[in-house]
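What follows is a set of notes on a single structure, which appears directly below.
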Amino acid sequence: MLLTTLFRRFGMPGFWFSLCLLLVLLSGSPAVSQTDSQTISQPETRKNTIQATESVKPSDTTTSPSVSLTENVRKTVLDNGLTVLTKEVDTAPVVTVQIWYRVGSRDETPGINGIAHQLEHLMFKGTKARPIQFGRFFSALGSDSNAFTSYDQTAYFGTVEEDKLKALLLLEADRMQNSLIGDKELASEKRVVISELQGYENSPNYRLGRAVMKSAFPNSPYGLPVGGTKADVQQFTVEQVRDYYQTFYRPDNATLIIVGNFKTEPTLALVKETFGQIPKATAPLPNAKPTGQSKPSRQAAAKSPIVLKEPGSAALLNEVYPLPDAKSPDVAALQVMDYILTGGRSSRLYQALVETGLASDAGGYAANLIGAGWYEFSVTAAPGKELSQIDQVLQKTLADLRDQGVTQEELNRAKTQLRASIILRNRDIASQAQQLGDDQTTTGDYRYTDRLLAAISKVTAADVQKVARTYLAPTNRTVGFFEPTQLNGKPGTSSGNFSQTAENFSPGAPVDPAEVAKYLPPLNPTGNSTNQPLPEKLTLANGLHVLLLPDRSTPTVTLSGFIQAGSSFDQPQNSGLASLTASNLMNGTKTRDALTLAKALENRGASLNFSANREGVGVSGSALASDLPTLTQILSDVLQNASFPSDELELSRKRALIGLKQQLDNPSWLARKVFQQTIYPENHPFYTFPTEASLTQIKRDDVVRFYEEHYRPDTTILTLMGDFDPAQVRALLNQDLGQWQTGKEAPNLVFPQVPLPKSNVRLNPTLPGKTQSITLMGYNAIDRKDPRYYAALVLNQILGGDTLSSRLGTEIRDRQGLTYGIYSGFQAGMHPGPFLISMQTAPEDADKAIASTLSLLKQIREQGFTETEVATAKRSLTSSYPVELADPDSLASTILMNAVYGLSADEIQQFPNKIAAVTPQQVNQVVQELLHPDRIVVVTAGPPVSTSQK
């Protein structure tokens, strides 16, 4: 997985973004799938999500209570130089293990650009002592495992039940020194890496950002793309990769982090037993490559803009200013400046560009790394707006910051947002471990964020103005414009024979789980998965359902909600209405305008967001525990009193139109649309998608009518989890939401029967200018309450639940190297959703991958799954379940969706038992009922494929 940068906005790197293709597909219901070990990742950017609460004065963080993220952390250095950080957290029966190597693209040069990323992929191919794809081990452990490569680091991480800690330590210690790096392994992973890189190339944002970074850092590795280039990857030799591995993968260049439910002393003894046996390196580490100057160089004049004129859907601006490294005393002021410029709706950039209608999206971030840093602005132009005009406004915004400084209100709000963000993003153990790993490898001090928090509290308005003048001078910038040469490709069809390929495909025998088990210590289930506390259910007099789950582990609260007001209620003539209504909820109420709402939440570092999907509108909110009353008050106000101002509605319509153009230029989204409109008839609620015509003709009256009909307490469910007293919260919710009333009956939808296709269907919507194809294969299947659901989960875990250990992953990705990632899943929601297989391939590999997939499905229907495969899949699912629930956001979502689907209150406890009760006979019966390789819809979206490419 490629992580372009770990942002140091507040000492917390941007969390890895796993863009599993399945998650962008169809109904928005949870998929029966898991994340793979090397999923597509992009850098985190703080989106312009609308955040809000009551109008209050921003708190002054100089008087806020101190917070420490490291007071229980213990640092140990082994004799061989390995740094070990341990932190006991007993909130859940799980533990996370992360190993961070201080090596990334910063240690590369042109010609070997991308070698760190290539090596990361090879680290999953097995070791001399364990010659098995490591994804199979992680699946057997039920581990939430992944890896990433960045500019400065390469990291591997997994979270498991507490009794599987030894197994993770054994695996990581083994591959630190014994990984298999041979011609066969390198050849297959080269194809996978190139597929990954070409997937990034599909994005105009990526292509523009890469060009700007190259110009901004022409003589620094930071100007190189983290994942490398296809030309360099193709030329890597086994000797080069082995040398890189032997040079940098060594104890004294690594940090091991263990956070979770364990005892420190016996765990450290286990670490010494596993990692302590690795010999101390004798050769010195190579000197770090020059990475640029810590202070920006003054140019005589600003550079001319870089202009890319390529196929795309929207005009883009990207602008970069060099910044100092992470140890600079200016970092705290730069982080505060970042929030003043781009921290939410009240920020200067949002107000200057998005609120005025010049841009549909605008954001930025400050990165401070080992050798240097940069500030990056990214803007998407609104329809008909010139990039030169946007650039002028951006420069005026920065000039005002340099010349006039900031207000005390802005300063306090930014500091409050920073502090709240740090606390909120350290709720789960994986994030806490990531914080420690990033801090230690980047700065050499795992307490870096604690020191940064203290420094942020002391930042003054003068400090912010000083860093703005120093680093955001016009002569320091590198700016790029992306000017699209065409908007959208036109979907087309193909009658090509996709069931045949030049390759003789012969699926290998299933992997014997016993072969996996012999390389691991004995695995004994803890039985803790059924001890999950149940939420308290509160039903208000108006029918609103609320689920309350106190959690005192952090001083935070998490709000999740579901309102039956999704896009399935859209009609063809007004498709997009549900989404437009949800996106306008925070644009004002009867007593507060949009900016007042935004400041109310942002002044406290809280957030509240609404997003429409197929079956409903998702509500998400978070805050420090002390700010819960503000969060519920704003929620109550917008649910009952949203005013939908005409000017804000028009701006959001323009953003929706440019968003639609971008979606139609995205192979994943285009494939989803064509797929869904092929498997569902036109009278089905899942058939409708927005069009330019439907978005254009939606009137304010339509939005108000939709809001009045569908936003109602009796079709709303809320989940609140965190640090609160249930009795006080019950009183608070009755006060704020108890008066919410509606006098009409809830609207109903008719879902017609959806038959399987009579035969295979192949469609090929084309998008010129793309480098990778996205393929979706499937048909309509089951809903969440279908009695076959649990057997379907087991089936899917074996088939395609993991891109490294599943049947599909083993054959299509690992053996043939045809795809960066392949997954399968059942989109089982309130109503039947599709069974789906998704993959990303080079255009010329799509037919071969499809034929191989169909052949594998046919083999499974003929032969079924073995008892050992079923047993292994069941163990993987039941072991991973408590790991998933250890994340507060995942726990809140699971509780919420169980209620939405009408499941029993104890489903969260009974789920592991229901999986354990599934028999091999039930799984193989479901194979016959739910796998139909001869009646499947196949959609491949991407560039046209010439005959010479096949």
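Ordering of the structure tokens sets the chain letters (A, B, ...); residue numbers start at 1 within each chain; ligands are numbered from 1 in the order shown.
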
Problem set entry | Contacts of stretch 855-869 of chain A within 7 Å, only C-alpha atoms, excl. fewer than 6 positions in-chain, as number ranges by chain | A: 507, 513, 798, 920, 924, 927-928, 933

Problem set entry | Contacts of stretch 655-672 of chain A at 9 Å (only C-alpha atoms; same-chain gap of 6+ positions) as a PyMOL selection string | chain A and resi 21+24-26+202-203+312-314+357+359-361+380-383+487-489+491+576+579-580+690-692+695-696+764-767+770+772-776+939-943

For this session: Please indicate the distance in Å from atom CA of A:Gly829 to atom CA of A:Met586, rounded to one decimal place.
Result: 27.2 Å

Exercise. Out of A:Gln435, A:Gln408, A:Thr632, A:Asn476, which residue has the shortest atom-to-atom distance to A:Asp736 when counting only C-alpha atoms?
Worked result: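 Closest to A:Asp736 of all the choices is A:Thr632.
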
For this session: Determine, counting only C-alpha atoms, which protein, DNA and RNA residues have an atom within 12 Å of an atom of A:Gln735; residues of the same chain fewer than 5 positions away are not included. Present the result as number ranges by chain.
Result: A: 540-541, 629, 632-633, 636-637, 728-730, 740

For this session: Name the residues in contact with A:Gly833 at a cut-off of 7 Å, using only C-alpha atoms, excluding same-chain residues fewer than 3 positions from it; report them as a VMD selection string.
Result: chain A and resid 27 780 to 783 827 to 829

Exercise. Can you list, as a PyMOL selection string, every protein, DNA or RNA residue that comes within 12 Å of A:Arg712 when you count only C-alpha atoms, leaving out same-chain residues fewer than 3 positions away?
Worked result: chain A and resi 542-545+562-565+617+636+638-641+706-709+715-717+737-747

Using the selection just defined, write its residues with N, CA and C atoms as a short mmCIF file (atom, residue, chain, number, x, y, z; two decimals), in the first residue's frame.
```
data_model
loop_
_atom_site.label_atom_id
_atom_site.label_comp_id
_atom_site.auth_asym_id
_atom_site.auth_seq_id
_atom_site.Cartn_x
_atom_site.Cartn_y
_atom_site.Cartn_z
N ASN A 542 -41.96 10.31 20.47
CA ASN A 542 -42.22 10.54 19.04
C ASN A 542 -41.73 9.41 18.16
N GLY A 543 -41.22 8.33 18.76
CA GLY A 543 -40.79 7.17 17.98
C GLY A 543 -39.31 7.13 17.66
N LEU A 544 -38.56 8.16 18.04
CA LEU A 544 -37.12 8.17 17.79
C LEU A 544 -36.43 7.13 18.66
N HIS A 545 -35.61 6.27 18.05
CA HIS A 545 -34.87 5.24 18.77
C HIS A 545 -33.44 5.70 18.98
N PHE A 562 -28.95 7.01 11.49
CA PHE A 562 -29.49 6.55 10.21
C PHE A 562 -30.91 7.08 10.09
N ILE A 563 -31.17 7.74 8.95
CA ILE A 563 -32.50 8.27 8.66
C ILE A 563 -32.96 7.67 7.34
N GLN A 564 -34.15 7.14 7.29
CA GLN A 564 -34.65 6.54 6.05
C GLN A 564 -35.03 7.64 5.05
N ALA A 565 -33.99 8.22 4.48
CA ALA A 565 -34.19 9.31 3.52
C ALA A 565 -33.13 9.23 2.44
N VAL A 617 -29.80 8.07 5.08
CA VAL A 617 -28.86 9.16 5.31
C VAL A 617 -28.07 8.83 6.56
N SER A 636 -30.41 18.58 16.81
CA SER A 636 -31.85 18.83 16.96
C SER A 636 -32.31 19.98 16.08
N VAL A 638 -31.00 21.23 13.23
CA VAL A 638 -31.00 21.00 11.78
C VAL A 638 -32.01 19.93 11.39
N LEU A 639 -32.30 18.98 12.27
CA LEU A 639 -33.29 17.96 11.93
C LEU A 639 -34.71 18.51 11.96
N GLN A 640 -34.93 19.55 12.75
CA GLN A 640 -36.29 20.09 12.87
C GLN A 640 -36.49 21.42 12.15
N ASN A 641 -35.41 22.19 11.97
CA ASN A 641 -35.59 23.57 11.53
C ASN A 641 -34.72 23.98 10.35
N PHE A 706 -39.14 17.12 0.31
CA PHE A 706 -38.45 15.87 0.64
C PHE A 706 -38.05 15.87 2.12
N TYR A 707 -37.56 16.97 2.60
CA TYR A 707 -37.15 17.11 4.01
C TYR A 707 -38.34 16.89 4.92
N GLU A 708 -39.46 17.50 4.63
CA GLU A 708 -40.64 17.39 5.48
C GLU A 708 -41.22 15.98 5.47
N GLU A 709 -41.10 15.28 4.35
CA GLU A 709 -41.68 13.94 4.23
C GLU A 709 -40.79 12.87 4.84
N THR A 715 -38.51 7.28 11.77
CA THR A 715 -37.66 6.54 10.83
C THR A 715 -36.19 6.88 11.06
N THR A 716 -35.89 7.33 12.27
CA THR A 716 -34.52 7.71 12.63
C THR A 716 -34.03 6.87 13.80
N ILE A 717 -32.81 6.41 13.71
CA ILE A 717 -32.15 5.68 14.79
C ILE A 717 -30.81 6.37 15.05
N LEU A 737 -34.65 16.61 21.42
CA LEU A 737 -35.29 15.92 20.30
C LEU A 737 -36.69 15.42 20.60
N GLY A 738 -37.11 15.54 21.84
CA GLY A 738 -38.44 15.03 22.21
C GLY A 738 -39.60 15.76 21.56
N GLN A 739 -39.38 17.00 21.15
CA GLN A 739 -40.47 17.79 20.54
C GLN A 739 -40.54 17.63 19.02
N TRP A 740 -39.62 16.86 18.47
CA TRP A 740 -39.60 16.64 17.01
C TRP A 740 -40.82 15.80 16.63
N GLN A 741 -41.69 16.37 15.81
CA GLN A 741 -42.94 15.71 15.47
C GLN A 741 -43.18 15.71 13.96
N THR A 742 -44.00 14.75 13.53
CA THR A 742 -44.48 14.74 12.14
C THR A 742 -45.86 14.13 12.14
N GLY A 743 -46.74 14.70 11.34
CA GLY A 743 -48.12 14.24 11.34
C GLY A 743 -48.48 13.32 10.20
N LYS A 744 -47.55 13.05 9.32
CA LYS A 744 -47.84 12.23 8.15
C LYS A 744 -47.29 10.82 8.33
N GLU A 745 -47.83 9.90 7.54
CA GLU A 745 -47.32 8.54 7.56
C GLU A 745 -45.99 8.48 6.81
N ALA A 746 -45.13 7.58 7.25
CA ALA A 746 -43.82 7.44 6.61
C ALA A 746 -43.99 6.91 5.19
N PRO A 747 -43.25 7.49 4.23
CA PRO A 747 -43.34 7.00 2.83
C PRO A 747 -42.83 5.56 2.73
#
```

For this session: Calculate how many Å separate atom CA of A:Asp252 from atom CA of A:Phe275, rounding to one decimal.
Result: 11.3 Å

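Straight-line separation from atom CA of A:Asp232 to atom CA of A:Leu186: 13.5 Å.
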
Problem set entry | DSSP-assigned helix (DSSP H, G or I) members of stretch 787-887 of chain A, reported as a PyMOL selection string | chain A and resi 789-799+807-815+843-863+867-885

Please produce a file of the residues just selected, as an mmCIF file, in the first residue's frame, where the atoms kept are C-alpha atoms.
```cif
data_model
loop_
_atom_site.group_PDB
_atom_site.id
_atom_site.type_symbol
_atom_site.label_atom_id
_atom_site.label_comp_id
_atom_site.auth_asym_id
_atom_site.auth_seq_id
_atom_site.Cartn_x
_atom_site.Cartn_y
_atom_site.Cartn_z
ATOM 1 C CA TYR A 789 -26.440 -14.626 5.488
ATOM 2 C CA TYR A 790 -23.990 -16.247 7.925
ATOM 3 C CA ALA A 791 -23.187 -19.113 5.558
ATOM 4 C CA ALA A 792 -22.723 -16.489 2.817
ATOM 5 C CA LEU A 793 -20.203 -14.706 5.050
ATOM 6 C CA VAL A 794 -18.181 -17.887 5.381
ATOM 7 C CA LEU A 795 -18.454 -18.564 1.638
ATOM 8 C CA ASN A 796 -17.232 -15.078 0.878
ATOM 9 C CA GLN A 797 -14.337 -15.247 3.322
ATOM 10 C CA ILE A 798 -13.005 -18.248 1.419
ATOM 11 C CA LEU A 799 -13.788 -16.862 -2.021
ATOM 12 C CA ARG A 807 -9.194 -18.209 -3.475
ATOM 13 C CA LEU A 808 -9.567 -15.241 -5.818
ATOM 14 C CA GLY A 809 -6.644 -13.383 -4.294
ATOM 15 C CA THR A 810 -4.370 -16.388 -4.308
ATOM 16 C CA GLU A 811 -5.024 -17.143 -7.976
ATOM 17 C CA ILE A 812 -5.743 -13.818 -9.720
ATOM 18 C CA ARG A 813 -3.490 -11.534 -7.689
ATOM 19 C CA ASP A 814 -0.784 -13.606 -6.084
ATOM 20 C CA ARG A 815 -0.100 -16.336 -8.655
ATOM 21 C CA PRO A 843 -6.636 -2.869 -19.624
ATOM 22 C CA GLU A 844 -4.861 -5.624 -21.515
ATOM 23 C CA ASP A 845 -5.184 -7.979 -18.508
ATOM 24 C CA ALA A 846 -8.921 -7.530 -17.904
ATOM 25 C CA ASP A 847 -10.124 -10.352 -20.187
ATOM 26 C CA LYS A 848 -7.619 -12.808 -18.750
ATOM 27 C CA ALA A 849 -8.554 -11.895 -15.170
ATOM 28 C CA ILE A 850 -12.268 -12.194 -15.921
ATOM 29 C CA ALA A 851 -11.856 -15.575 -17.597
ATOM 30 C CA SER A 852 -9.758 -16.831 -14.677
ATOM 31 C CA THR A 853 -12.358 -15.610 -12.193
ATOM 32 C CA LEU A 854 -15.214 -17.309 -14.044
ATOM 33 C CA SER A 855 -13.244 -20.522 -14.277
ATOM 34 C CA LEU A 856 -12.574 -20.430 -10.544
ATOM 35 C CA LEU A 857 -16.276 -19.832 -9.775
ATOM 36 C CA LYS A 858 -17.225 -22.799 -11.954
ATOM 37 C CA GLN A 859 -14.677 -24.972 -10.194
ATOM 38 C CA ILE A 860 -16.098 -23.989 -6.800
ATOM 39 C CA ARG A 861 -19.654 -24.821 -7.908
ATOM 40 C CA GLU A 862 -18.484 -28.215 -9.103
ATOM 41 C CA GLN A 863 -16.259 -29.123 -6.167
ATOM 42 C CA GLU A 867 -14.282 -28.846 5.769
ATOM 43 C CA THR A 868 -10.883 -27.404 6.638
ATOM 44 C CA GLU A 869 -11.472 -24.345 4.439
ATOM 45 C CA VAL A 870 -14.802 -23.722 6.150
ATOM 46 C CA ALA A 871 -13.310 -24.184 9.613
ATOM 47 C CA THR A 872 -10.460 -21.791 8.829
ATOM 48 C CA ALA A 873 -12.825 -19.149 7.442
ATOM 49 C CA LYS A 874 -15.036 -19.394 10.512
ATOM 50 C CA ARG A 875 -12.063 -18.950 12.832
ATOM 51 C CA SER A 876 -10.906 -15.956 10.812
ATOM 52 C CA LEU A 877 -14.336 -14.300 10.993
ATOM 53 C CA THR A 878 -14.855 -14.920 14.698
ATOM 54 C CA SER A 879 -11.300 -13.829 15.540
ATOM 55 C CA SER A 880 -11.550 -10.627 13.520
ATOM 56 C CA TYR A 881 -14.904 -9.657 15.031
ATOM 57 C CA PRO A 882 -13.621 -8.412 18.421
ATOM 58 C CA VAL A 883 -10.817 -6.639 16.559
ATOM 59 C CA GLU A 884 -13.381 -4.705 14.529
ATOM 60 C CA LEU A 885 -15.405 -3.841 17.628
#
```

Problem set entry | Surrounding residues of A:Gly364 excluding itself and chain neighbours under 2 positions, 8 Å, only C-alpha atoms, as a ChimeraX atom specification | /A:45-46,338,341-342,362,366,375-378

Problem set entry | Contact residues around A:Ser328 with only C-alpha atoms at 10 Å, ignoring same-chain residues under 2 positions, as JSON, numbers by chain | {"A": [294, 295, 323, 324, 325, 326, 330, 331, 332, 368, 372]}

Those residues you just picked out, can you put them in a file as a PDB file, in the first residue's frame with N, CA and C atoms?
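selection09.pdb was written with the following content:
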```pdb
ATOM      1  N   SER A 294      15.894  23.419   4.824  1.00  0.00           N
ATOM      2  CA  SER A 294      14.908  23.525   5.889  1.00  0.00           C
ATOM      3  C   SER A 294      14.146  24.832   5.811  1.00  0.00           C
ATOM      4  N   LYS A 295      14.733  25.813   5.148  1.00  0.00           N
ATOM      5  CA  LYS A 295      14.024  27.068   4.917  1.00  0.00           C
ATOM      6  C   LYS A 295      13.866  27.277   3.424  1.00  0.00           C
ATOM      7  N   LEU A 323       8.357  23.921   3.330  1.00  0.00           N
ATOM      8  CA  LEU A 323       8.307  24.159   4.767  1.00  0.00           C
ATOM      9  C   LEU A 323       9.510  23.484   5.421  1.00  0.00           C
ATOM     10  N   PRO A 324       9.753  23.776   6.701  1.00  0.00           N
ATOM     11  CA  PRO A 324      10.873  23.129   7.397  1.00  0.00           C
ATOM     12  C   PRO A 324      10.519  21.706   7.825  1.00  0.00           C
ATOM     13  N   ASP A 325      11.503  21.013   8.384  1.00  0.00           N
ATOM     14  CA  ASP A 325      11.288  19.638   8.828  1.00  0.00           C
ATOM     15  C   ASP A 325      10.532  19.614  10.156  1.00  0.00           C
ATOM     16  N   ALA A 326      10.260  18.389  10.636  1.00  0.00           N
ATOM     17  CA  ALA A 326       9.397  18.212  11.802  1.00  0.00           C
ATOM     18  C   ALA A 326       9.990  18.759  13.088  1.00  0.00           C
ATOM     19  N   ASP A 330       9.056  26.152  14.307  1.00  0.00           N
ATOM     20  CA  ASP A 330       7.912  26.803  13.656  1.00  0.00           C
ATOM     21  C   ASP A 330       6.737  25.859  13.419  1.00  0.00           C
ATOM     22  N   VAL A 331       6.894  24.563  13.692  1.00  0.00           N
ATOM     23  CA  VAL A 331       5.855  23.601  13.327  1.00  0.00           C
ATOM     24  C   VAL A 331       4.532  23.890  14.023  1.00  0.00           C
ATOM     25  N   ALA A 332       4.556  24.200  15.307  1.00  0.00           N
ATOM     26  CA  ALA A 332       3.303  24.453  16.032  1.00  0.00           C
ATOM     27  C   ALA A 332       2.526  25.605  15.403  1.00  0.00           C
ATOM     28  N   ASN A 368       5.338  18.158   7.675  1.00  0.00           N
ATOM     29  CA  ASN A 368       6.691  18.380   8.197  1.00  0.00           C
ATOM     30  C   ASN A 368       7.312  17.021   8.438  1.00  0.00           C
ATOM     31  N   ALA A 372      12.453  17.715   5.374  1.00  0.00           N
ATOM     32  CA  ALA A 372      11.885  18.970   4.884  1.00  0.00           C
ATOM     33  C   ALA A 372      10.376  18.895   5.081  1.00  0.00           C
TER      34      ALA A 372
END
```

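In this comparison, which uses only C-alpha atoms, the residue of A:Met839, A:Leu818, A:Val926, A:Leu601 approaching A:Arg345 most closely is A:Leu601.
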
Problem set entry | Residue among A:Asn531, A:Ser626, A:Asn913, A:Ser388 lying closest to A:Ser304, counting only C-alpha atoms | A:Ser388

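Checking A:Thr819, A:Gly228, A:Gly384, A:Trp374 one by one against A:Gln840, counting only C-alpha atoms, you find the shortest gap at A:Thr819.
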
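Distance check against A:Thr255 using only C-alpha atoms: of A:Pro329, A:Pro204, A:Gly444, A:Gly405, the minimum falls on A:Gly444.
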
Problem set entry | All strand (DSSP E) residues (DSSP, backbone) inside stretch 665-766 of chain A, as a PyMOL selection string | chain A and resi 716-722+761-763
